[in-house]
file structure22.pdb (PDB, C-alpha atoms)
MODEL        1
ATOM      1  CA  VAL A 148      13.898   5.915   3.497
ATOM      2  CA  MET A 149      13.352   3.015   1.100
ATOM      3  CA  THR A 150      15.446   3.077  -2.066
ATOM      4  CA  GLN A 151      14.668   0.779  -4.975
ATOM      5  CA  SER A 152      16.889  -0.035  -7.932
ATOM      6  CA  PRO A 153      16.669  -0.042 -10.794
ATOM      7  CA  LEU A 154      13.746   2.329 -11.339
ATOM      8  CA  SER A 155      13.176   0.881 -14.803
ATOM      9  CA  LEU A 156      13.770  -2.740 -15.761
ATOM     10  CA  PRO A 157      13.384  -3.940 -19.353
ATOM     11  CA  VAL A 158      13.292  -7.729 -19.404
ATOM     12  CA  THR A 159      13.016 -10.473 -21.984
ATOM     13  CA  LEU A 160      10.116 -12.897 -21.692
ATOM     14  CA  GLY A 161      11.214 -16.074 -19.970
ATOM     15  CA  GLN A 162      14.289 -14.463 -18.463
ATOM     16  CA  PRO A 163      14.839 -13.727 -14.763
ATOM     17  CA  ALA A 164      14.455 -10.287 -13.191
ATOM     18  CA  SER A 165      15.620  -8.858  -9.898
ATOM     19  CA  ILE A 166      14.674  -5.698  -8.000
ATOM     20  CA  SER A 167      16.639  -4.349  -5.064
ATOM     21  CA  CYS A 168      15.237  -2.450  -2.080
ATOM     22  CA  ARG A 169      17.464  -0.846   0.518
ATOM     23  CA  SER A 170      16.409   0.719   3.789
ATOM     24  CA  SER A 171      18.242   3.537   5.543
ATOM     25  CA  GLN A 172      17.915   1.584   8.803
ATOM     26  CA  SER A 173      17.552  -2.018   9.848
ATOM     27  CA  LEU A 174      14.043  -3.392   9.393
ATOM     28  CA  VAL A 175      14.384  -5.981  12.135
ATOM     29  CA  HIS A 176      11.625  -5.322  14.687
ATOM     30  CA  SER A 177      12.207  -5.716  18.403
ATOM     31  CA  ASN A 178      10.055  -8.861  18.189
ATOM     32  CA  GLY A 179      12.550 -10.412  15.763
ATOM     33  CA  ASN A 180      10.349 -10.135  12.689
ATOM     34  CA  THR A 181      11.228  -8.089   9.621
ATOM     35  CA  TYR A 182       8.294  -6.239   8.093
ATOM     36  CA  LEU A 183       9.239  -5.822   4.454
ATOM     37  CA  ASN A 184       6.533  -6.313   1.837
ATOM     38  CA  TRP A 185       6.497  -6.297  -1.959
ATOM     39  CA  PHE A 186       3.593  -5.113  -4.108
ATOM     40  CA  GLN A 187       2.777  -5.352  -7.788
ATOM     41  CA  GLN A 188       0.660  -2.742  -9.560
ATOM     42  CA  ARG A 189      -0.388  -3.707 -13.069
ATOM     43  CA  PRO A 190      -1.429  -0.898 -15.419
ATOM     44  CA  GLY A 191      -4.805   0.511 -14.428
ATOM     45  CA  GLN A 192      -5.166  -1.749 -11.396
ATOM     46  CA  SER A 193      -4.942  -1.449  -7.635
ATOM     47  CA  PRO A 194      -1.751  -2.666  -6.003
ATOM     48  CA  ARG A 195      -1.556  -6.318  -5.001
ATOM     49  CA  ARG A 196       0.661  -7.710  -2.280
ATOM     50  CA  LEU A 197       3.029 -10.416  -3.478
ATOM     51  CA  ILE A 198       5.336 -10.955  -0.514
ATOM     52  CA  TYR A 199       5.067 -10.178   3.215
ATOM     53  CA  GLN A 200       7.724 -10.313   5.920
ATOM     54  CA  VAL A 201      10.561 -10.571   3.383
ATOM     55  CA  SER A 202       9.894 -13.973   1.900
ATOM     56  CA  ASN A 203       6.303 -15.170   2.442
ATOM     57  CA  ARG A 204       4.235 -15.359  -0.724
ATOM     58  CA  ASP A 205       0.613 -14.276  -0.487
ATOM     59  CA  SER A 206      -2.118 -16.666  -1.490
ATOM     60  CA  GLY A 207      -2.420 -17.084  -5.246
ATOM     61  CA  VAL A 208       0.973 -15.554  -6.029
ATOM     62  CA  PRO A 209       2.887 -17.642  -8.577
ATOM     63  CA  ASP A 210       5.980 -19.349  -7.228
ATOM     64  CA  ARG A 211       8.136 -17.614  -9.830
ATOM     65  CA  PHE A 212       8.063 -14.662  -7.411
ATOM     66  CA  SER A 213      10.393 -14.863  -4.436
ATOM     67  CA  GLY A 214      11.642 -12.462  -1.805
ATOM     68  CA  SER A 215      14.854 -12.525   0.162
ATOM     69  CA  GLY A 216      17.129 -10.363   2.237
ATOM     70  CA  SER A 217      17.753  -9.205   5.757
ATOM     71  CA  GLY A 218      18.547  -6.128   7.801
ATOM     72  CA  THR A 219      18.638  -3.314   5.269
ATOM     73  CA  ASP A 220      18.963  -5.102   1.904
ATOM     74  CA  PHE A 221      16.134  -6.939   0.205
ATOM     75  CA  THR A 222      15.441  -8.425  -3.221
ATOM     76  CA  LEU A 223      12.403  -9.437  -5.229
ATOM     77  CA  LYS A 224      13.142 -12.008  -7.920
ATOM     78  CA  ILE A 225      11.031 -13.197 -10.799
ATOM     79  CA  SER A 226      12.472 -16.484 -12.017
ATOM     80  CA  ARG A 227      10.973 -16.325 -15.532
ATOM     81  CA  VAL A 228       9.192 -13.142 -16.551
ATOM     82  CA  GLU A 229       5.775 -13.500 -18.164
ATOM     83  CA  ALA A 230       3.793 -10.861 -20.052
ATOM     84  CA  GLU A 231       1.370 -10.465 -17.132
ATOM     85  CA  ASP A 232       4.256  -9.373 -14.886
ATOM     86  CA  VAL A 233       4.463  -5.967 -16.579
ATOM     87  CA  GLY A 234       3.800  -3.202 -14.085
ATOM     88  CA  ILE A 235       5.325  -1.269 -11.209
ATOM     89  CA  TYR A 236       6.757  -3.031  -8.174
ATOM     90  CA  TYR A 237       7.011  -1.398  -4.762
ATOM     91  CA  CYS A 238       8.726  -2.443  -1.579
ATOM     92  CA  MET A 239       7.341  -1.184   1.724
ATOM     93  CA  GLU A 240       8.563  -1.271   5.283
ATOM     94  CA  GLY A 241       6.211  -1.728   8.203
ATOM     95  CA  THR A 242       8.708  -2.037  11.041
ATOM     96  CA  HIS A 243       9.148   1.599  12.028
ATOM     97  CA  TRP A 244       5.514   2.654  11.828
ATOM     98  CA  PRO A 245       4.065   5.173  11.609
ATOM     99  CA  PRO A 246       4.587   5.968   8.853
ATOM    100  CA  TRP A 247       4.576   2.902   6.642
ATOM    101  CA  THR A 248       7.069   3.778   3.915
ATOM    102  CA  PHE A 249       7.058   2.714   0.285
ATOM    103  CA  GLY A 250       9.939   2.652  -2.161
ATOM    104  CA  GLN A 251       9.748   4.801  -5.298
ATOM    105  CA  GLY A 252       8.684   1.883  -7.456
ATOM    106  CA  THR A 253      10.375  -0.102 -10.226
ATOM    107  CA  ARG A 254       8.749  -0.231 -13.647
ATOM    108  CA  VAL A 255       9.065  -3.661 -15.289
ATOM    109  CA  GLU A 256       8.531  -3.748 -19.039
ATOM    110  CA  ILE A 257       9.086  -6.295 -21.777
ATOM    111  CA  LYS A 258      11.949  -5.641 -24.177
TER     112      LYS A 258
ATOM    113  CA  GLU B  92     -15.030 -13.199  -0.443
ATOM    114  CA  VAL B  93     -13.233 -10.159   0.948
ATOM    115  CA  GLN B  94     -14.220  -6.901  -0.758
ATOM    116  CA  LEU B  95     -13.386  -3.264  -0.089
ATOM    117  CA  VAL B  96     -15.416  -0.668  -1.982
ATOM    118  CA  GLU B  97     -14.455   2.988  -1.692
ATOM    119  CA  SER B  98     -16.743   5.886  -2.464
ATOM    120  CA  GLY B  99     -17.029   9.609  -1.853
ATOM    121  CA  GLY B 100     -14.327  10.946  -4.132
ATOM    122  CA  GLY B 101     -14.882  13.874  -6.451
ATOM    123  CA  LEU B 102     -13.825  17.361  -7.480
ATOM    124  CA  VAL B 103     -13.533  19.972  -4.747
ATOM    125  CA  GLN B 104     -11.922  23.370  -4.395
ATOM    126  CA  PRO B 105      -8.916  24.041  -2.159
ATOM    127  CA  GLY B 106      -9.972  24.496   1.449
ATOM    128  CA  GLU B 107     -13.099  22.357   1.116
ATOM    129  CA  SER B 108     -13.881  19.052   2.823
ATOM    130  CA  LEU B 109     -14.713  15.547   1.666
ATOM    131  CA  ARG B 110     -15.493  12.275   3.419
ATOM    132  CA  LEU B 111     -14.419   8.999   1.884
ATOM    133  CA  SER B 112     -16.105   5.723   2.758
ATOM    134  CA  CYS B 113     -14.921   2.158   2.398
ATOM    135  CA  ALA B 114     -17.557  -0.553   2.694
ATOM    136  CA  ALA B 115     -16.055  -3.868   3.744
ATOM    137  CA  SER B 116     -17.607  -7.251   3.117
ATOM    138  CA  GLY B 117     -16.484 -10.818   3.648
ATOM    139  CA  PHE B 118     -14.806 -10.007   6.964
ATOM    140  CA  THR B 119     -15.340  -7.995  10.149
ATOM    141  CA  LEU B 120     -13.621  -4.628   9.857
ATOM    142  CA  SER B 121     -13.112  -4.231  13.599
ATOM    143  CA  ASN B 122     -10.942  -7.352  13.748
ATOM    144  CA  TYR B 123      -8.230  -5.784  11.619
ATOM    145  CA  TRP B 124      -5.991  -2.766  11.416
ATOM    146  CA  MET B 125      -7.053  -0.740   8.386
ATOM    147  CA  HIS B 126      -5.267   1.897   6.335
ATOM    148  CA  TRP B 127      -5.777   4.554   3.710
ATOM    149  CA  VAL B 128      -3.050   4.744   1.060
ATOM    150  CA  ARG B 129      -3.048   7.292  -1.764
ATOM    151  CA  GLN B 130      -1.457   7.636  -5.156
ATOM    152  CA  ALA B 131      -1.139  10.990  -6.891
ATOM    153  CA  PRO B 132      -1.524  10.888 -10.694
ATOM    154  CA  GLY B 133       1.514   9.187 -12.215
ATOM    155  CA  LYS B 134       3.225   8.933  -8.840
ATOM    156  CA  GLY B 135       4.020   6.252  -6.266
ATOM    157  CA  LEU B 136       2.189   5.016  -3.209
ATOM    158  CA  GLU B 137       1.923   7.088  -0.034
ATOM    159  CA  TRP B 138       0.570   5.825   3.271
ATOM    160  CA  VAL B 139      -1.992   8.259   4.723
ATOM    161  CA  SER B 140      -3.698   6.914   7.850
ATOM    162  CA  TYR B 141      -4.253   3.825   9.979
ATOM    163  CA  ILE B 142      -6.729   2.694  12.603
ATOM    164  CA  HIS B 143      -5.973  -0.057  15.100
ATOM    165  CA  SER B 144      -8.394  -2.939  15.518
ATOM    166  CA  ASP B 145      -9.268  -1.513  18.945
ATOM    167  CA  GLY B 146     -10.699   1.505  17.171
ATOM    168  CA  SER B 147      -9.045   3.924  19.554
ATOM    169  CA  ASN B 148      -5.552   4.173  18.217
ATOM    170  CA  THR B 149      -5.014   5.973  14.958
ATOM    171  CA  GLY B 150      -2.163   7.621  13.104
ATOM    172  CA  HIS B 151      -1.696   9.930  10.159
ATOM    173  CA  ALA B 152       1.108  10.927   7.830
ATOM    174  CA  ASP B 153       2.701  14.278   8.632
ATOM    175  CA  SER B 154       1.417  15.590   5.296
ATOM    176  CA  VAL B 155      -2.214  15.232   6.451
ATOM    177  CA  LYS B 156      -1.931  15.454  10.240
ATOM    178  CA  GLY B 157      -4.446  17.855  11.709
ATOM    179  CA  ARG B 158      -6.528  17.862   8.509
ATOM    180  CA  PHE B 159      -7.521  14.206   7.966
ATOM    181  CA  THR B 160      -9.246  11.874  10.429
ATOM    182  CA  ILE B 161      -9.704   8.133  10.065
ATOM    183  CA  SER B 162     -12.627   6.400  11.750
ATOM    184  CA  ARG B 163     -14.915   3.420  11.392
ATOM    185  CA  ASP B 164     -18.506   2.361  12.037
ATOM    186  CA  SER B 165     -18.452  -1.241  13.210
ATOM    187  CA  ALA B 166     -22.221  -1.628  12.848
ATOM    188  CA  LYS B 167     -21.950  -0.645   9.180
ATOM    189  CA  ASN B 168     -18.602  -2.421   8.687
ATOM    190  CA  THR B 169     -17.384   0.760   7.052
ATOM    191  CA  LEU B 170     -14.134   2.733   7.217
ATOM    192  CA  TYR B 171     -14.038   6.493   6.743
ATOM    193  CA  LEU B 172     -11.540   9.224   5.971
ATOM    194  CA  GLN B 173     -12.669  12.740   6.792
ATOM    195  CA  MET B 174     -10.558  15.171   4.802
ATOM    196  CA  ASN B 175     -10.672  18.864   5.730
ATOM    197  CA  SER B 176      -8.789  21.880   4.412
ATOM    198  CA  LEU B 177      -7.984  20.046   1.204
ATOM    199  CA  ARG B 178      -5.006  21.167  -0.834
ATOM    200  CA  VAL B 179      -4.112  20.764  -4.487
ATOM    201  CA  GLU B 180      -1.403  18.304  -3.437
ATOM    202  CA  ASP B 181      -4.031  16.014  -1.895
ATOM    203  CA  THR B 182      -5.203  15.136  -5.413
ATOM    204  CA  ALA B 183      -4.865  11.365  -5.675
ATOM    205  CA  VAL B 184      -6.576   8.013  -5.866
ATOM    206  CA  TYR B 185      -7.313   6.947  -2.304
ATOM    207  CA  TYR B 186      -7.222   3.231  -1.514
ATOM    208  CA  CYS B 187      -8.727   1.462   1.469
ATOM    209  CA  VAL B 188      -6.327  -1.292   2.564
ATOM    210  CA  ARG B 189      -6.575  -4.164   5.022
ATOM    211  CA  ASP B 190      -3.695  -5.149   7.278
ATOM    212  CA  SER B 191      -3.202  -8.856   7.872
ATOM    213  CA  SER B 192       0.339 -10.140   8.383
ATOM    214  CA  GLY B 193       1.229  -6.560   7.575
ATOM    215  CA  LEU B 194      -0.252  -3.806   5.436
ATOM    216  CA  GLY B 195      -1.854  -4.690   2.165
ATOM    217  CA  ASP B 196      -3.392  -8.138   1.918
ATOM    218  CA  TYR B 197      -6.509  -6.600   0.377
ATOM    219  CA  TRP B 198      -6.962  -3.306  -1.491
ATOM    220  CA  GLY B 199     -10.063  -1.572  -2.766
ATOM    221  CA  GLN B 200     -10.399  -0.264  -6.295
ATOM    222  CA  GLY B 201      -9.730   3.293  -5.160
ATOM    223  CA  THR B 202     -11.635   6.560  -5.342
ATOM    224  CA  LEU B 203     -10.284   9.667  -7.070
ATOM    225  CA  VAL B 204     -10.100  12.939  -5.195
ATOM    226  CA  THR B 205      -9.336  16.024  -7.274
ATOM    227  CA  VAL B 206      -8.614  19.318  -5.558
ATOM    228  CA  SER B 207      -8.605  22.189  -8.000
ATOM    229  CA  SER B 208      -9.897  25.719  -8.344
TER     230      SER B 208
ENDMDL
END
call {"tool": "encode", "arguments": {"input": "structure22.pdb", "output": "structure tokens"}}
result
Amino acid sequence: VMTQSPLSLPVTLGQPASISCRSSQSLVHSNGNTYLNWFQQRPGQSPRRLIYQVSNRDSGVPDRFSGSGSGTDFTLKISRVEAEDVGIYYCMEGTHWPPWTFGQGTRVEIK
Amino acid sequence: EVQLVESGGGLVQPGESLRLSCAASGFTLSNYWMHWVRQAPGKGLEWVSYIHSDGSNTGHADSVKGRFTISRDSAKNTLYLQMNSLRVEDTAVYYCVRDSSGLGDYWGQGTLVTVSS
């Protein structure tokens, strides 16, 4: 089970934001890798992957997004929130597949 | 440019069948693991099915096991999801998703499946 917090996050433009994702079991694979991804879904759009394997940014993802964590506790940070960052953010684990399991989602909105 | 274009969604009655297609371009489908992920209206993301790059190994969520089948046609570079015995709770947008360095490097625009009497 993947548990995100908070589920709703009002933020001020230009301020930092942080989303937590906790797994009910360690996400360290037997090969040593940790398969924890973060996705952004803007209103009316398909999801987009931001981060793979905890901390690797996908191509084209602004460097204000960063991922960290280990074992069962992970965090997505936005260093300075911009208007285009509004949407729902999901973590997902791909270590103990199948299934691949998503968190409930965190809604980021501008105050 | 990598593109995934889903089609085949629509309105069906409970118990009926539907086949979704996902036409891939810009890459060779058979070189990647591929997934179907769905999203019920106003809800979160739910993984549905995967197919290994070898084409032989597949897997399905418990919620669809025995009713849905994932497959691909390498010659057409197209992924499929055969959905039988559809239920009201299968109503969702279905996304075709590529797996590179993990699930989700590319997503299609989604196709809406509505199951209602």
call {"tool": "interface_residues", "arguments": {"input": "structure22.pdb", "of": "chain B", "to": "chain A", "cutoff": "12 Å", "atoms": "all atoms listed in the file", "output": "number ranges by chain"}}
result
B: 95-96, 126-130, 132-143, 148-156, 184-202
call {"tool": "resolve_selection", "arguments": {"input": "structure22.pdb", "expression": "the PyMOL selection byres ((chain A and resi 226) around 9)", "output": "ChimeraX atom specification"}}
result
/A:161-165,210-213,224-225,227-228
call {"tool": "resolve_selection", "arguments": {"input": "structure22.pdb", "expression": "the PyMOL selection byres ((chain A and resi 154) around 7)", "output": "NGL selection string"}}
result
:A and (151-153 or 155-156 or 252-254)
call {"tool": "write_last_selection", "arguments": {"input": "structure22.pdb", "atoms": "C-alpha atoms", "output": "short mmCIF file (atom, residue, chain, number, x, y, z; two decimals), keeping the file's coordinate frame"}}
result
data_model
loop_
_atom_site.label_atom_id
_atom_site.label_comp_id
_atom_site.auth_asym_id
_atom_site.auth_seq_id
_atom_site.Cartn_x
_atom_site.Cartn_y
_atom_site.Cartn_z
CA GLN A 151 14.67 0.78 -4.97
CA SER A 152 16.89 -0.04 -7.93
CA PRO A 153 16.67 -0.04 -10.79
CA SER A 155 13.18 0.88 -14.80
CA LEU A 156 13.77 -2.74 -15.76
CA GLY A 252 8.68 1.88 -7.46
CA THR A 253 10.38 -0.10 -10.23
CA ARG A 254 8.75 -0.23 -13.65
#
call {"tool": "resolve_selection", "arguments": {"input": "structure22.pdb", "expression": "the PyMOL selection byres ((chain B and resi 99-107) around 7)", "output": "PyMOL selection string"}}
result
chain B and resi 98+108+110-112+175-179+202-208
call {"tool": "atom_distance", "arguments": {"input": "structure22.pdb", "atom1": "atom CA of A:Thr222", "atom2": "atom CA of A:Pro209"}}
result
16.5 Å
call {"tool": "closest_residue", "arguments": {"input": "structure22.pdb", "among": "A:Ser202, A:Thr219, A:Gln188, A:Asn178", "to": "A:Met149", "atoms": "all atoms listed in the file"}}
result
A:Thr219
call {"tool": "atom_distance", "arguments": {"input": "structure22.pdb", "atom1": "atom CA of B:Ser144", "atom2": "atom CA of B:Val93"}}
result
17.0 Å
call {"tool": "axis_aligned_box", "arguments": {"input": "structure22.pdb", "around": "stretch 229-248 of chain A", "padding_each_side": "6 Å", "output": "lines of an AutoDock Vina configuration file"}}
result
center_x = 5.3
center_y = -3.8
center_z = -4.0
size_x = 19.8
size_y = 31.5
size_z = 44.1
call {"tool": "closest_residue", "arguments": {"input": "structure22.pdb", "among": "A:Cys238, A:Val233, A:His243, A:Lys258", "to": "A:Pro190", "atoms": "all atoms listed in the file"}}
result
A:Val233
call {"tool": "atom_distance", "arguments": {"input": "structure22.pdb", "atom1": "atom CA of B:Asp164", "atom2": "atom CA of B:Glu92"}}
result
20.2 Å
call {"tool": "build_atoms", "arguments": {"input": "structure22.pdb", "residues": "stretch 199-216 of chain A", "atoms": "N, CA, C and O atoms", "output": "PDB file, in the frame of the given file"}}
result
ATOM      1  N   TYR A 199       5.075 -10.848   1.914  1.00  0.00           N
ATOM      2  CA  TYR A 199       5.067 -10.178   3.215  1.00  0.00           C
ATOM      3  C   TYR A 199       6.163 -10.757   4.102  1.00  0.00           C
ATOM      4  O   TYR A 199       6.558 -11.903   3.940  1.00  0.00           O
ATOM      5  N   GLN A 200       6.634  -9.921   5.008  1.00  0.00           N
ATOM      6  CA  GLN A 200       7.724 -10.313   5.920  1.00  0.00           C
ATOM      7  C   GLN A 200       8.871 -10.978   5.152  1.00  0.00           C
ATOM      8  O   GLN A 200       9.284 -12.103   5.465  1.00  0.00           O
ATOM      9  N   VAL A 201       9.350 -10.256   4.162  1.00  0.00           N
ATOM     10  CA  VAL A 201      10.561 -10.571   3.383  1.00  0.00           C
ATOM     11  C   VAL A 201      10.368 -11.668   2.351  1.00  0.00           C
ATOM     12  O   VAL A 201      10.743 -11.491   1.194  1.00  0.00           O
ATOM     13  N   SER A 202       9.811 -12.807   2.782  1.00  0.00           N
ATOM     14  CA  SER A 202       9.894 -13.973   1.900  1.00  0.00           C
ATOM     15  C   SER A 202       8.628 -14.821   1.827  1.00  0.00           C
ATOM     16  O   SER A 202       8.645 -15.882   1.188  1.00  0.00           O
ATOM     17  N   ASN A 203       7.545 -14.385   2.438  1.00  0.00           N
ATOM     18  CA  ASN A 203       6.303 -15.170   2.442  1.00  0.00           C
ATOM     19  C   ASN A 203       5.401 -14.739   1.293  1.00  0.00           C
ATOM     20  O   ASN A 203       4.980 -13.587   1.233  1.00  0.00           O
ATOM     21  N   ARG A 204       5.113 -15.683   0.408  1.00  0.00           N
ATOM     22  CA  ARG A 204       4.235 -15.359  -0.724  1.00  0.00           C
ATOM     23  C   ARG A 204       2.777 -15.321  -0.275  1.00  0.00           C
ATOM     24  O   ARG A 204       2.317 -16.207   0.469  1.00  0.00           O
ATOM     25  N   ASP A 205       2.048 -14.342  -0.760  1.00  0.00           N
ATOM     26  CA  ASP A 205       0.613 -14.276  -0.487  1.00  0.00           C
ATOM     27  C   ASP A 205      -0.109 -15.359  -1.289  1.00  0.00           C
ATOM     28  O   ASP A 205       0.410 -15.884  -2.289  1.00  0.00           O
ATOM     29  N   SER A 206      -1.310 -15.650  -0.841  1.00  0.00           N
ATOM     30  CA  SER A 206      -2.118 -16.666  -1.490  1.00  0.00           C
ATOM     31  C   SER A 206      -2.355 -16.319  -2.961  1.00  0.00           C
ATOM     32  O   SER A 206      -2.677 -15.166  -3.285  1.00  0.00           O
ATOM     33  N   GLY A 207      -2.160 -17.293  -3.831  1.00  0.00           N
ATOM     34  CA  GLY A 207      -2.420 -17.084  -5.246  1.00  0.00           C
ATOM     35  C   GLY A 207      -1.267 -16.490  -6.025  1.00  0.00           C
ATOM     36  O   GLY A 207      -1.355 -16.361  -7.254  1.00  0.00           O
ATOM     37  N   VAL A 208      -0.190 -16.141  -5.349  1.00  0.00           N
ATOM     38  CA  VAL A 208       0.973 -15.554  -6.029  1.00  0.00           C
ATOM     39  C   VAL A 208       1.807 -16.683  -6.646  1.00  0.00           C
ATOM     40  O   VAL A 208       2.171 -17.633  -5.938  1.00  0.00           O
ATOM     41  N   PRO A 209       2.101 -16.578  -7.930  1.00  0.00           N
ATOM     42  CA  PRO A 209       2.887 -17.642  -8.577  1.00  0.00           C
ATOM     43  C   PRO A 209       4.244 -17.834  -7.912  1.00  0.00           C
ATOM     44  O   PRO A 209       4.860 -16.878  -7.440  1.00  0.00           O
ATOM     45  N   ASP A 210       4.714 -19.076  -7.923  1.00  0.00           N
ATOM     46  CA  ASP A 210       5.980 -19.349  -7.228  1.00  0.00           C
ATOM     47  C   ASP A 210       7.197 -18.861  -7.996  1.00  0.00           C
ATOM     48  O   ASP A 210       8.329 -19.016  -7.522  1.00  0.00           O
ATOM     49  N   ARG A 211       6.994 -18.234  -9.150  1.00  0.00           N
ATOM     50  CA  ARG A 211       8.136 -17.614  -9.830  1.00  0.00           C
ATOM     51  C   ARG A 211       8.564 -16.315  -9.128  1.00  0.00           C
ATOM     52  O   ARG A 211       9.635 -15.781  -9.385  1.00  0.00           O
ATOM     53  N   PHE A 212       7.713 -15.827  -8.218  1.00  0.00           N
ATOM     54  CA  PHE A 212       8.063 -14.662  -7.411  1.00  0.00           C
ATOM     55  C   PHE A 212       8.664 -15.127  -6.091  1.00  0.00           C
ATOM     56  O   PHE A 212       8.092 -15.978  -5.406  1.00  0.00           O
ATOM     57  N   SER A 213       9.794 -14.539  -5.718  1.00  0.00           N
ATOM     58  CA  SER A 213      10.393 -14.863  -4.436  1.00  0.00           C
ATOM     59  C   SER A 213      11.038 -13.623  -3.841  1.00  0.00           C
ATOM     60  O   SER A 213      11.498 -12.731  -4.558  1.00  0.00           O
ATOM     61  N   GLY A 214      11.038 -13.580  -2.518  1.00  0.00           N
ATOM     62  CA  GLY A 214      11.642 -12.462  -1.805  1.00  0.00           C
ATOM     63  C   GLY A 214      12.729 -12.974  -0.883  1.00  0.00           C
ATOM     64  O   GLY A 214      12.627 -14.059  -0.317  1.00  0.00           O
ATOM     65  N   SER A 215      13.753 -12.151  -0.719  1.00  0.00           N
ATOM     66  CA  SER A 215      14.854 -12.525   0.162  1.00  0.00           C
ATOM     67  C   SER A 215      15.476 -11.270   0.744  1.00  0.00           C
ATOM     68  O   SER A 215      15.143 -10.143   0.353  1.00  0.00           O
ATOM     69  N   GLY A 216      16.402 -11.473   1.665  1.00  0.00           N
ATOM     70  CA  GLY A 216      17.129 -10.363   2.237  1.00  0.00           C
ATOM     71  C   GLY A 216      17.054 -10.333   3.745  1.00  0.00           C
ATOM     72  O   GLY A 216      16.367 -11.144   4.373  1.00  0.00           O
TER      73      GLY A 216
END
